[in-house]
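What follows is a set of notes on a single structure, which appears directly below.
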Amino acid sequence: MAPRFGILTVSDRSARGERPDMSGPALAEALRSYGWQVGLAAIVPDEEDIIAGKLVEWADGGEIDIILTTGGTGFALRDVTPEATLQVLERQAPGLAEAMRLAGSRVTPHAMLSRGVAGMRGRVLIVNLPGSPKAAVENLQAIQVVLPHAVELLADFPQSEAHHSDPRRRPRQG
């Protein structure tokens with residue numbers, strides 16, 4: 001089951017047309033390299049209500065399985081993507097955010113300043129990524145291996161549990 005993605009770029013300057021969006025296209029290219037499709041893409045300003053509204057629209061729309069946001073996850077006062085995301089999540093997936101911060105900290109100590117969150121709204125996974133194209137793609141690479149399985153689990157795909165091994169059936173170590 002190939003995930004269908006939406007990419008939401010959060011940037012005041014890009015939303016006003018003052019700066020081209022580099023992160024959204026970089027993520028789209030990375031997703032296509034995995035053989036996945038991008039169904040929706042948009043740019044919104046760093047406004048909590050606007051971000052939350054777009055996340056709800058997309059998550060409840062039935063066209064995509066995963067929403068990747070890029071931007072607005074830092075310490076600046078206008079960085080409100082995590083707060084907007086938390087408004088709409090029904091369940092959190094902290095392991096994804098933790099894995100991205102861990103992987104990023106191997107590249108730069110600044111990764112620990114990311115406040116990005118991840119979680120689910122209905123059957124849609126929402127993941128906050130950093131705003132820099134390089135960091136956004138690196139964070140995606142850190143979690144991409146689990147995304148198809150996450151989508152299967154959220155969709156109640158019948159064979160999704162077959163990917164798990166039963167720890168009780170593992171051979172004993174001498």
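The chains in the structure tokens are called A, B, ... from first to last as shown; in each chain the residues are counted from 1, and the ligands are counted from 1 in the order shown.
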- prompt: What's the 6 Å shell around range 28-43 of chain A, counting only C-alpha atoms, without same-chain residues fewer than 4 positions away, as a list in words?
  reply: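 Close residues of range 28-43 of chain A: Arg4, Phe5, Gly6, Ile7, Leu8, Thr9, Val10 and Ala15 of chain A.
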Please save N, CA and C atoms of the selected residues as an mmCIF file, in the first residue's frame.
```cif
data_model
loop_
_atom_site.group_PDB
_atom_site.id
_atom_site.type_symbol
_atom_site.label_atom_id
_atom_site.label_comp_id
_atom_site.auth_asym_id
_atom_site.auth_seq_id
_atom_site.Cartn_x
_atom_site.Cartn_y
_atom_site.Cartn_z
ATOM 1 N N ARG A 4 -0.282 8.063 0.206
ATOM 2 C CA ARG A 4 -0.587 9.282 -0.543
ATOM 3 C C ARG A 4 -0.325 10.463 0.380
ATOM 4 N N PHE A 5 0.430 11.441 -0.109
ATOM 5 C CA PHE A 5 0.912 12.531 0.735
ATOM 6 C C PHE A 5 0.312 13.883 0.392
ATOM 7 N N GLY A 6 0.236 14.715 1.412
ATOM 8 C CA GLY A 6 0.003 16.143 1.263
ATOM 9 C C GLY A 6 1.186 16.852 1.884
ATOM 10 N N ILE A 7 1.649 17.917 1.253
ATOM 11 C CA ILE A 7 2.777 18.698 1.774
ATOM 12 C C ILE A 7 2.282 20.111 2.033
ATOM 13 N N LEU A 8 2.344 20.512 3.301
ATOM 14 C CA LEU A 8 1.906 21.839 3.700
ATOM 15 C C LEU A 8 3.121 22.653 4.147
ATOM 16 N N THR A 9 3.483 23.644 3.347
ATOM 17 C CA THR A 9 4.591 24.530 3.696
ATOM 18 C C THR A 9 4.040 25.678 4.529
ATOM 19 N N VAL A 10 4.676 25.915 5.670
ATOM 20 C CA VAL A 10 4.264 26.988 6.574
ATOM 21 C C VAL A 10 5.356 28.050 6.556
ATOM 22 N N ALA A 15 4.242 32.432 1.649
ATOM 23 C CA ALA A 15 2.808 32.653 1.453
ATOM 24 C C ALA A 15 2.535 34.012 0.808
#
```
query: Any idea what's packed within 9 Å of Ala103 in chain A, counting only C-alpha atoms, ignoring anything in its chain fewer than 6 positions away? Could you give it as a list in words?
result: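 Residues near the query, excluding close chain neighbours: Ala111, Glu138, Asn139 and Ala142 of chain A.
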Could the residues in this selection be saved with N, CA and C atoms as a PDB file, in the first residue's frame?
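What landed in result-v1.pdb:
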```pdb
ATOM      1  N   ALA A 111      19.313  20.391  15.854  1.00  0.00           N
ATOM      2  CA  ALA A 111      18.131  19.535  15.687  1.00  0.00           C
ATOM      3  C   ALA A 111      17.339  19.423  16.982  1.00  0.00           C
ATOM      4  N   GLU A 138      16.100  15.275   5.349  1.00  0.00           N
ATOM      5  CA  GLU A 138      16.806  14.395   6.291  1.00  0.00           C
ATOM      6  C   GLU A 138      15.845  13.819   7.328  1.00  0.00           C
ATOM      7  N   ASN A 139      14.927  14.636   7.813  1.00  0.00           N
ATOM      8  CA  ASN A 139      13.943  14.151   8.786  1.00  0.00           C
ATOM      9  C   ASN A 139      13.010  13.130   8.150  1.00  0.00           C
ATOM     10  N   ALA A 142      14.678   9.855   7.957  1.00  0.00           N
ATOM     11  CA  ALA A 142      14.781   9.190   9.256  1.00  0.00           C
ATOM     12  C   ALA A 142      13.568   8.321   9.569  1.00  0.00           C
TER      13      ALA A 142
END
```
Using DSSP on the backbone coordinates, identify the residues of chain A assigned to alpha helix (DSSP H); present them as a PDB file with N, CA and C atoms, in the first residue's frame.
```
ATOM      1  N   ASP A  12       5.511  32.574   6.293  1.00  0.00           N
ATOM      2  CA  ASP A  12       4.934  33.887   6.001  1.00  0.00           C
ATOM      3  C   ASP A  12       5.452  34.416   4.670  1.00  0.00           C
ATOM      4  N   ARG A  13       6.777  34.386   4.496  1.00  0.00           N
ATOM      5  CA  ARG A  13       7.370  34.973   3.284  1.00  0.00           C
ATOM      6  C   ARG A  13       6.981  34.225   2.015  1.00  0.00           C
ATOM      7  N   SER A  14       6.947  32.913   2.077  1.00  0.00           N
ATOM      8  CA  SER A  14       6.535  32.152   0.886  1.00  0.00           C
ATOM      9  C   SER A  14       5.054  32.352   0.598  1.00  0.00           C
ATOM     10  N   ALA A  15       4.242  32.432   1.649  1.00  0.00           N
ATOM     11  CA  ALA A  15       2.808  32.653   1.453  1.00  0.00           C
ATOM     12  C   ALA A  15       2.535  34.012   0.808  1.00  0.00           C
ATOM     13  N   SER A  23      11.338  23.992   0.369  1.00  0.00           N
ATOM     14  CA  SER A  23      11.159  22.761   1.150  1.00  0.00           C
ATOM     15  C   SER A  23      10.078  21.861   0.592  1.00  0.00           C
ATOM     16  N   GLY A  24       8.939  22.434   0.220  1.00  0.00           N
ATOM     17  CA  GLY A  24       7.858  21.620  -0.345  1.00  0.00           C
ATOM     18  C   GLY A  24       8.311  20.842  -1.568  1.00  0.00           C
ATOM     19  N   PRO A  25       8.912  21.519  -2.569  1.00  0.00           N
ATOM     20  CA  PRO A  25       9.403  20.783  -3.737  1.00  0.00           C
ATOM     21  C   PRO A  25      10.493  19.754  -3.403  1.00  0.00           C
ATOM     22  N   ALA A  26      11.358  20.053  -2.435  1.00  0.00           N
ATOM     23  CA  ALA A  26      12.402  19.092  -2.047  1.00  0.00           C
ATOM     24  C   ALA A  26      11.771  17.840  -1.457  1.00  0.00           C
ATOM     25  N   LEU A  27      10.744  18.026  -0.623  1.00  0.00           N
ATOM     26  CA  LEU A  27      10.044  16.874  -0.059  1.00  0.00           C
ATOM     27  C   LEU A  27       9.311  16.088  -1.139  1.00  0.00           C
ATOM     28  N   ALA A  28       8.665  16.795  -2.057  1.00  0.00           N
ATOM     29  CA  ALA A  28       7.947  16.120  -3.149  1.00  0.00           C
ATOM     30  C   ALA A  28       8.903  15.272  -3.977  1.00  0.00           C
ATOM     31  N   GLU A  29      10.068  15.809  -4.265  1.00  0.00           N
ATOM     32  CA  GLU A  29      11.075  15.051  -5.031  1.00  0.00           C
ATOM     33  C   GLU A  29      11.517  13.815  -4.263  1.00  0.00           C
ATOM     34  N   ALA A  30      11.765  13.960  -2.958  1.00  0.00           N
ATOM     35  CA  ALA A  30      12.171  12.811  -2.144  1.00  0.00           C
ATOM     36  C   ALA A  30      11.068  11.748  -2.127  1.00  0.00           C
ATOM     37  N   LEU A  31       9.825  12.168  -1.972  1.00  0.00           N
ATOM     38  CA  LEU A  31       8.714  11.215  -1.945  1.00  0.00           C
ATOM     39  C   LEU A  31       8.603  10.472  -3.270  1.00  0.00           C
ATOM     40  N   ARG A  32       8.730  11.197  -4.372  1.00  0.00           N
ATOM     41  CA  ARG A  32       8.671  10.551  -5.688  1.00  0.00           C
ATOM     42  C   ARG A  32       9.817   9.549  -5.860  1.00  0.00           C
ATOM     43  N   SER A  33      10.980   9.841  -5.275  1.00  0.00           N
ATOM     44  CA  SER A  33      12.110   8.910  -5.386  1.00  0.00           C
ATOM     45  C   SER A  33      11.815   7.591  -4.671  1.00  0.00           C
ATOM     46  N   GLU A  48      -1.695  30.159  13.363  1.00  0.00           N
ATOM     47  CA  GLU A  48      -2.156  28.921  13.964  1.00  0.00           C
ATOM     48  C   GLU A  48      -3.514  28.457  13.424  1.00  0.00           C
ATOM     49  N   ASP A  49      -4.482  29.357  13.339  1.00  0.00           N
ATOM     50  CA  ASP A  49      -5.820  28.967  12.883  1.00  0.00           C
ATOM     51  C   ASP A  49      -5.827  28.539  11.421  1.00  0.00           C
ATOM     52  N   ILE A  50      -5.019  29.201  10.593  1.00  0.00           N
ATOM     53  CA  ILE A  50      -4.956  28.841   9.168  1.00  0.00           C
ATOM     54  C   ILE A  50      -4.303  27.471   8.994  1.00  0.00           C
ATOM     55  N   ILE A  51      -3.214  27.240   9.727  1.00  0.00           N
ATOM     56  CA  ILE A  51      -2.531  25.940   9.661  1.00  0.00           C
ATOM     57  C   ILE A  51      -3.483  24.834  10.114  1.00  0.00           C
ATOM     58  N   ALA A  52      -4.098  25.025  11.272  1.00  0.00           N
ATOM     59  CA  ALA A  52      -5.020  24.011  11.814  1.00  0.00           C
ATOM     60  C   ALA A  52      -6.175  23.755  10.843  1.00  0.00           C
ATOM     61  N   GLY A  53      -6.698  24.810  10.254  1.00  0.00           N
ATOM     62  CA  GLY A  53      -7.807  24.652   9.309  1.00  0.00           C
ATOM     63  C   GLY A  53      -7.434  23.816   8.101  1.00  0.00           C
ATOM     64  N   LYS A  54      -6.239  24.056   7.562  1.00  0.00           N
ATOM     65  CA  LYS A  54      -5.790  23.283   6.397  1.00  0.00           C
ATOM     66  C   LYS A  54      -5.541  21.826   6.787  1.00  0.00           C
ATOM     67  N   LEU A  55      -4.974  21.595   7.972  1.00  0.00           N
ATOM     68  CA  LEU A  55      -4.743  20.219   8.422  1.00  0.00           C
ATOM     69  C   LEU A  55      -6.065  19.464   8.561  1.00  0.00           C
ATOM     70  N   VAL A  56      -7.071  20.108   9.132  1.00  0.00           N
ATOM     71  CA  VAL A  56      -8.382  19.474   9.283  1.00  0.00           C
ATOM     72  C   VAL A  56      -8.995  19.199   7.908  1.00  0.00           C
ATOM     73  N   GLU A  57      -8.950  20.193   7.030  1.00  0.00           N
ATOM     74  CA  GLU A  57      -9.505  20.033   5.675  1.00  0.00           C
ATOM     75  C   GLU A  57      -8.893  18.831   4.981  1.00  0.00           C
ATOM     76  N   TRP A  58      -7.569  18.748   5.005  1.00  0.00           N
ATOM     77  CA  TRP A  58      -6.893  17.657   4.315  1.00  0.00           C
ATOM     78  C   TRP A  58      -7.104  16.318   5.013  1.00  0.00           C
ATOM     79  N   ALA A  59      -6.953  16.291   6.339  1.00  0.00           N
ATOM     80  CA  ALA A  59      -7.077  15.020   7.066  1.00  0.00           C
ATOM     81  C   ALA A  59      -8.480  14.447   6.953  1.00  0.00           C
ATOM     82  N   ASP A  60      -9.469  15.301   6.948  1.00  0.00           N
ATOM     83  CA  ASP A  60     -10.851  14.839   6.890  1.00  0.00           C
ATOM     84  C   ASP A  60     -11.355  14.661   5.455  1.00  0.00           C
ATOM     85  N   GLY A  61     -10.541  15.044   4.474  1.00  0.00           N
ATOM     86  CA  GLY A  61     -10.976  15.021   3.080  1.00  0.00           C
ATOM     87  C   GLY A  61     -10.916  13.674   2.394  1.00  0.00           C
ATOM     88  N   THR A  81       3.565  25.960  14.190  1.00  0.00           N
ATOM     89  CA  THR A  81       3.080  24.732  13.556  1.00  0.00           C
ATOM     90  C   THR A  81       2.794  23.623  14.567  1.00  0.00           C
ATOM     91  N   PRO A  82       3.663  23.384  15.565  1.00  0.00           N
ATOM     92  CA  PRO A  82       3.332  22.333  16.533  1.00  0.00           C
ATOM     93  C   PRO A  82       2.037  22.619  17.303  1.00  0.00           C
ATOM     94  N   GLU A  83       1.831  23.866  17.673  1.00  0.00           N
ATOM     95  CA  GLU A  83       0.613  24.213  18.408  1.00  0.00           C
ATOM     96  C   GLU A  83      -0.625  23.994  17.537  1.00  0.00           C
ATOM     97  N   ALA A  84      -0.545  24.390  16.272  1.00  0.00           N
ATOM     98  CA  ALA A  84      -1.666  24.176  15.350  1.00  0.00           C
ATOM     99  C   ALA A  84      -1.922  22.687  15.155  1.00  0.00           C
ATOM    100  N   THR A  85      -0.856  21.916  15.042  1.00  0.00           N
ATOM    101  CA  THR A  85      -0.986  20.473  14.845  1.00  0.00           C
ATOM    102  C   THR A  85      -1.607  19.818  16.074  1.00  0.00           C
ATOM    103  N   LEU A  86      -1.151  20.197  17.248  1.00  0.00           N
ATOM    104  CA  LEU A  86      -1.698  19.613  18.474  1.00  0.00           C
ATOM    105  C   LEU A  86      -3.192  19.918  18.628  1.00  0.00           C
ATOM    106  N   GLN A  87      -3.637  21.058  18.093  1.00  0.00           N
ATOM    107  CA  GLN A  87      -5.070  21.399  18.127  1.00  0.00           C
ATOM    108  C   GLN A  87      -5.918  20.349  17.420  1.00  0.00           C
ATOM    109  N   VAL A  88      -5.374  19.756  16.344  1.00  0.00           N
ATOM    110  CA  VAL A  88      -6.188  18.878  15.493  1.00  0.00           C
ATOM    111  C   VAL A  88      -5.905  17.389  15.683  1.00  0.00           C
ATOM    112  N   PRO A  94       4.705  10.187  19.388  1.00  0.00           N
ATOM    113  CA  PRO A  94       5.963  10.831  19.774  1.00  0.00           C
ATOM    114  C   PRO A  94       7.218  10.138  19.269  1.00  0.00           C
ATOM    115  N   GLY A  95       7.142   8.845  19.017  1.00  0.00           N
ATOM    116  CA  GLY A  95       8.322   8.124  18.530  1.00  0.00           C
ATOM    117  C   GLY A  95       8.844   8.667  17.209  1.00  0.00           C
ATOM    118  N   LEU A  96       7.953   9.124  16.342  1.00  0.00           N
ATOM    119  CA  LEU A  96       8.390   9.682  15.061  1.00  0.00           C
ATOM    120  C   LEU A  96       9.181  10.970  15.273  1.00  0.00           C
ATOM    121  N   ALA A  97       8.650  11.869  16.102  1.00  0.00           N
ATOM    122  CA  ALA A  97       9.357  13.124  16.365  1.00  0.00           C
ATOM    123  C   ALA A  97      10.688  12.864  17.072  1.00  0.00           C
ATOM    124  N   GLU A  98      10.687  11.914  17.987  1.00  0.00           N
ATOM    125  CA  GLU A  98      11.920  11.568  18.696  1.00  0.00           C
ATOM    126  C   GLU A  98      12.959  11.007  17.732  1.00  0.00           C
ATOM    127  N   ALA A  99      12.543  10.136  16.820  1.00  0.00           N
ATOM    128  CA  ALA A  99      13.470   9.549  15.851  1.00  0.00           C
ATOM    129  C   ALA A  99      14.057  10.622  14.943  1.00  0.00           C
ATOM    130  N   MET A 100      13.230  11.574  14.530  1.00  0.00           N
ATOM    131  CA  MET A 100      13.732  12.642  13.663  1.00  0.00           C
ATOM    132  C   MET A 100      14.733  13.526  14.404  1.00  0.00           C
ATOM    133  N   ARG A 101      14.434  13.871  15.649  1.00  0.00           N
ATOM    134  CA  ARG A 101      15.380  14.700  16.421  1.00  0.00           C
ATOM    135  C   ARG A 101      16.682  13.951  16.670  1.00  0.00           C
ATOM    136  N   LEU A 102      16.595  12.663  16.953  1.00  0.00           N
ATOM    137  CA  LEU A 102      17.803  11.859  17.177  1.00  0.00           C
ATOM    138  C   LEU A 102      18.651  11.815  15.912  1.00  0.00           C
ATOM    139  N   ALA A 103      18.028  11.515  14.784  1.00  0.00           N
ATOM    140  CA  ALA A 103      18.769  11.461  13.519  1.00  0.00           C
ATOM    141  C   ALA A 103      19.355  12.833  13.182  1.00  0.00           C
ATOM    142  N   GLY A 104      18.572  13.874  13.381  1.00  0.00           N
ATOM    143  CA  GLY A 104      19.055  15.221  13.096  1.00  0.00           C
ATOM    144  C   GLY A 104      20.205  15.645  13.983  1.00  0.00           C
ATOM    145  N   SER A 105      20.204  15.181  15.233  1.00  0.00           N
ATOM    146  CA  SER A 105      21.275  15.572  16.161  1.00  0.00           C
ATOM    147  C   SER A 105      22.616  14.958  15.774  1.00  0.00           C
ATOM    148  N   PRO A 133      15.057  23.013   3.484  1.00  0.00           N
ATOM    149  CA  PRO A 133      14.910  21.866   2.572  1.00  0.00           C
ATOM    150  C   PRO A 133      15.775  20.676   2.981  1.00  0.00           C
ATOM    151  N   LYS A 134      17.019  20.939   3.329  1.00  0.00           N
ATOM    152  CA  LYS A 134      17.944  19.860   3.700  1.00  0.00           C
ATOM    153  C   LYS A 134      17.448  19.135   4.953  1.00  0.00           C
ATOM    154  N   ALA A 135      17.090  19.887   5.980  1.00  0.00           N
ATOM    155  CA  ALA A 135      16.626  19.278   7.228  1.00  0.00           C
ATOM    156  C   ALA A 135      15.292  18.564   7.035  1.00  0.00           C
ATOM    157  N   ALA A 136      14.409  19.119   6.229  1.00  0.00           N
ATOM    158  CA  ALA A 136      13.115  18.478   5.983  1.00  0.00           C
ATOM    159  C   ALA A 136      13.309  17.107   5.343  1.00  0.00           C
ATOM    160  N   VAL A 137      14.156  17.042   4.338  1.00  0.00           N
ATOM    161  CA  VAL A 137      14.404  15.767   3.655  1.00  0.00           C
ATOM    162  C   VAL A 137      15.128  14.795   4.579  1.00  0.00           C
ATOM    163  N   GLU A 138      16.100  15.275   5.349  1.00  0.00           N
ATOM    164  CA  GLU A 138      16.806  14.395   6.291  1.00  0.00           C
ATOM    165  C   GLU A 138      15.845  13.819   7.328  1.00  0.00           C
ATOM    166  N   ASN A 139      14.927  14.636   7.813  1.00  0.00           N
ATOM    167  CA  ASN A 139      13.943  14.151   8.786  1.00  0.00           C
ATOM    168  C   ASN A 139      13.010  13.130   8.150  1.00  0.00           C
ATOM    169  N   LEU A 140      12.594  13.379   6.923  1.00  0.00           N
ATOM    170  CA  LEU A 140      11.773  12.402   6.204  1.00  0.00           C
ATOM    171  C   LEU A 140      12.528  11.085   6.054  1.00  0.00           C
ATOM    172  N   GLN A 141      13.801  11.157   5.693  1.00  0.00           N
ATOM    173  CA  GLN A 141      14.606   9.945   5.529  1.00  0.00           C
ATOM    174  C   GLN A 141      14.685   9.156   6.835  1.00  0.00           C
ATOM    175  N   ALA A 142      14.678   9.855   7.957  1.00  0.00           N
ATOM    176  CA  ALA A 142      14.781   9.190   9.256  1.00  0.00           C
ATOM    177  C   ALA A 142      13.568   8.321   9.569  1.00  0.00           C
ATOM    178  N   ILE A 143      12.407   8.665   9.006  1.00  0.00           N
ATOM    179  CA  ILE A 143      11.180   7.925   9.337  1.00  0.00           C
ATOM    180  C   ILE A 143      10.553   7.202   8.151  1.00  0.00           C
ATOM    181  N   LEU A 147       6.752   4.519   7.363  1.00  0.00           N
ATOM    182  CA  LEU A 147       5.526   5.186   6.908  1.00  0.00           C
ATOM    183  C   LEU A 147       4.530   4.261   6.200  1.00  0.00           C
ATOM    184  N   PRO A 148       4.965   3.383   5.291  1.00  0.00           N
ATOM    185  CA  PRO A 148       3.980   2.487   4.676  1.00  0.00           C
ATOM    186  C   PRO A 148       3.260   1.609   5.707  1.00  0.00           C
ATOM    187  N   HIS A 149       3.998   1.119   6.683  1.00  0.00           N
ATOM    188  CA  HIS A 149       3.377   0.277   7.716  1.00  0.00           C
ATOM    189  C   HIS A 149       2.412   1.101   8.575  1.00  0.00           C
ATOM    190  N   ALA A 150       2.787   2.337   8.884  1.00  0.00           N
ATOM    191  CA  ALA A 150       1.893   3.208   9.649  1.00  0.00           C
ATOM    192  C   ALA A 150       0.576   3.405   8.910  1.00  0.00           C
ATOM    193  N   VAL A 151       0.646   3.614   7.602  1.00  0.00           N
ATOM    194  CA  VAL A 151      -0.565   3.791   6.792  1.00  0.00           C
ATOM    195  C   VAL A 151      -1.401   2.516   6.795  1.00  0.00           C
ATOM    196  N   GLU A 152      -0.749   1.360   6.686  1.00  0.00           N
ATOM    197  CA  GLU A 152      -1.484   0.087   6.728  1.00  0.00           C
ATOM    198  C   GLU A 152      -2.225  -0.073   8.050  1.00  0.00           C
ATOM    199  N   LEU A 153      -1.546   0.256   9.142  1.00  0.00           N
ATOM    200  CA  LEU A 153      -2.168   0.126  10.459  1.00  0.00           C
ATOM    201  C   LEU A 153      -3.355   1.080  10.597  1.00  0.00           C
ATOM    202  N   LEU A 154      -3.191   2.309  10.152  1.00  0.00           N
ATOM    203  CA  LEU A 154      -4.275   3.285  10.246  1.00  0.00           C
ATOM    204  C   LEU A 154      -5.466   2.901   9.372  1.00  0.00           C
TER     205      LEU A 154
END
```
Quick one: residues within 7 Å of Leu129 in chain A, only C-alpha atoms, excluding same-chain residues fewer than 2 positions away - as a compact mmCIF listing (two decimals) with C-alpha atoms, in the first residue's frame?
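Once written, part27.txt looks like this:
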```txt
# COMPACT_ATOMS: atom_id res chain seq x y z
CA LEU A 68 3.93 16.47 6.02
CA THR A 69 4.25 20.03 7.24
CA THR A 70 7.48 21.91 6.69
CA GLY A 71 8.37 25.04 8.62
CA GLY A 116 7.91 19.30 15.70
CA VAL A 127 4.19 14.90 10.78
CA GLY A 131 11.57 24.41 7.31
CA ALA A 136 13.11 18.48 5.98
CA ASN A 139 13.94 14.15 8.79
```
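The space separating CA of Gly17 in chain A from CA of Asp46 in chain A comes to 13.7 Å.
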task: Find the distance between CA of Glu63 in chain A and CA of Pro45 in chain A and write it in Å to one decimal.
output: 22.7 Å
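Distances from A:Arg91, A:Ser11, A:Val146, A:Ala76 to Leu113 in chain A were compared using only C-alpha atoms, and the smallest one belongs to A:Ala76.
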field: For Met120 in chain A, the nearest of the candidates A:Ile66, A:Ala2, A:Met22, A:Val80, counting only C-alpha atoms
entry: A:Ile66
Secondary structure check, strand (DSSP E) residues of range 35-146 of chain A, as a compact mmCIF listing (two decimals) with C-alpha atoms, in the first residue's frame:
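And here is the file that came out, states-v2.txt:
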```
# COMPACT_ATOMS: atom_id res chain seq x y z
CA GLN A 37 2.67 10.25 -4.82
CA VAL A 38 1.94 13.78 -3.64
CA GLY A 39 -1.76 14.49 -3.95
CA LEU A 40 -1.98 17.88 -2.26
CA ALA A 41 0.42 20.77 -1.72
CA ALA A 42 -0.11 24.27 -0.36
CA ILE A 43 1.66 27.17 1.29
CA VAL A 44 0.14 28.92 4.31
CA ILE A 66 0.01 11.39 5.42
CA ILE A 67 0.38 15.14 5.79
CA LEU A 68 3.93 16.47 6.02
CA THR A 69 4.25 20.03 7.24
CA THR A 70 7.48 21.91 6.69
CA ARG A 91 -3.57 10.80 19.13
CA GLN A 92 0.13 11.61 19.25
CA ALA A 118 3.54 13.87 14.97
CA GLY A 119 0.24 12.11 15.41
CA MET A 120 -3.03 11.02 13.93
CA ARG A 121 -6.32 12.58 13.03
CA VAL A 124 -4.32 10.29 8.59
CA LEU A 125 -0.80 10.68 9.97
CA ILE A 126 0.45 14.27 10.40
CA VAL A 127 4.19 14.90 10.78
CA ASN A 128 5.90 18.26 11.37
CA LEU A 129 9.24 18.67 9.58
```
Among listed residues A:Gly62, A:Ala93, A:Glu47, A:Met112, nearest Phe75 in chain A (using only C-alpha atoms): A:Met112
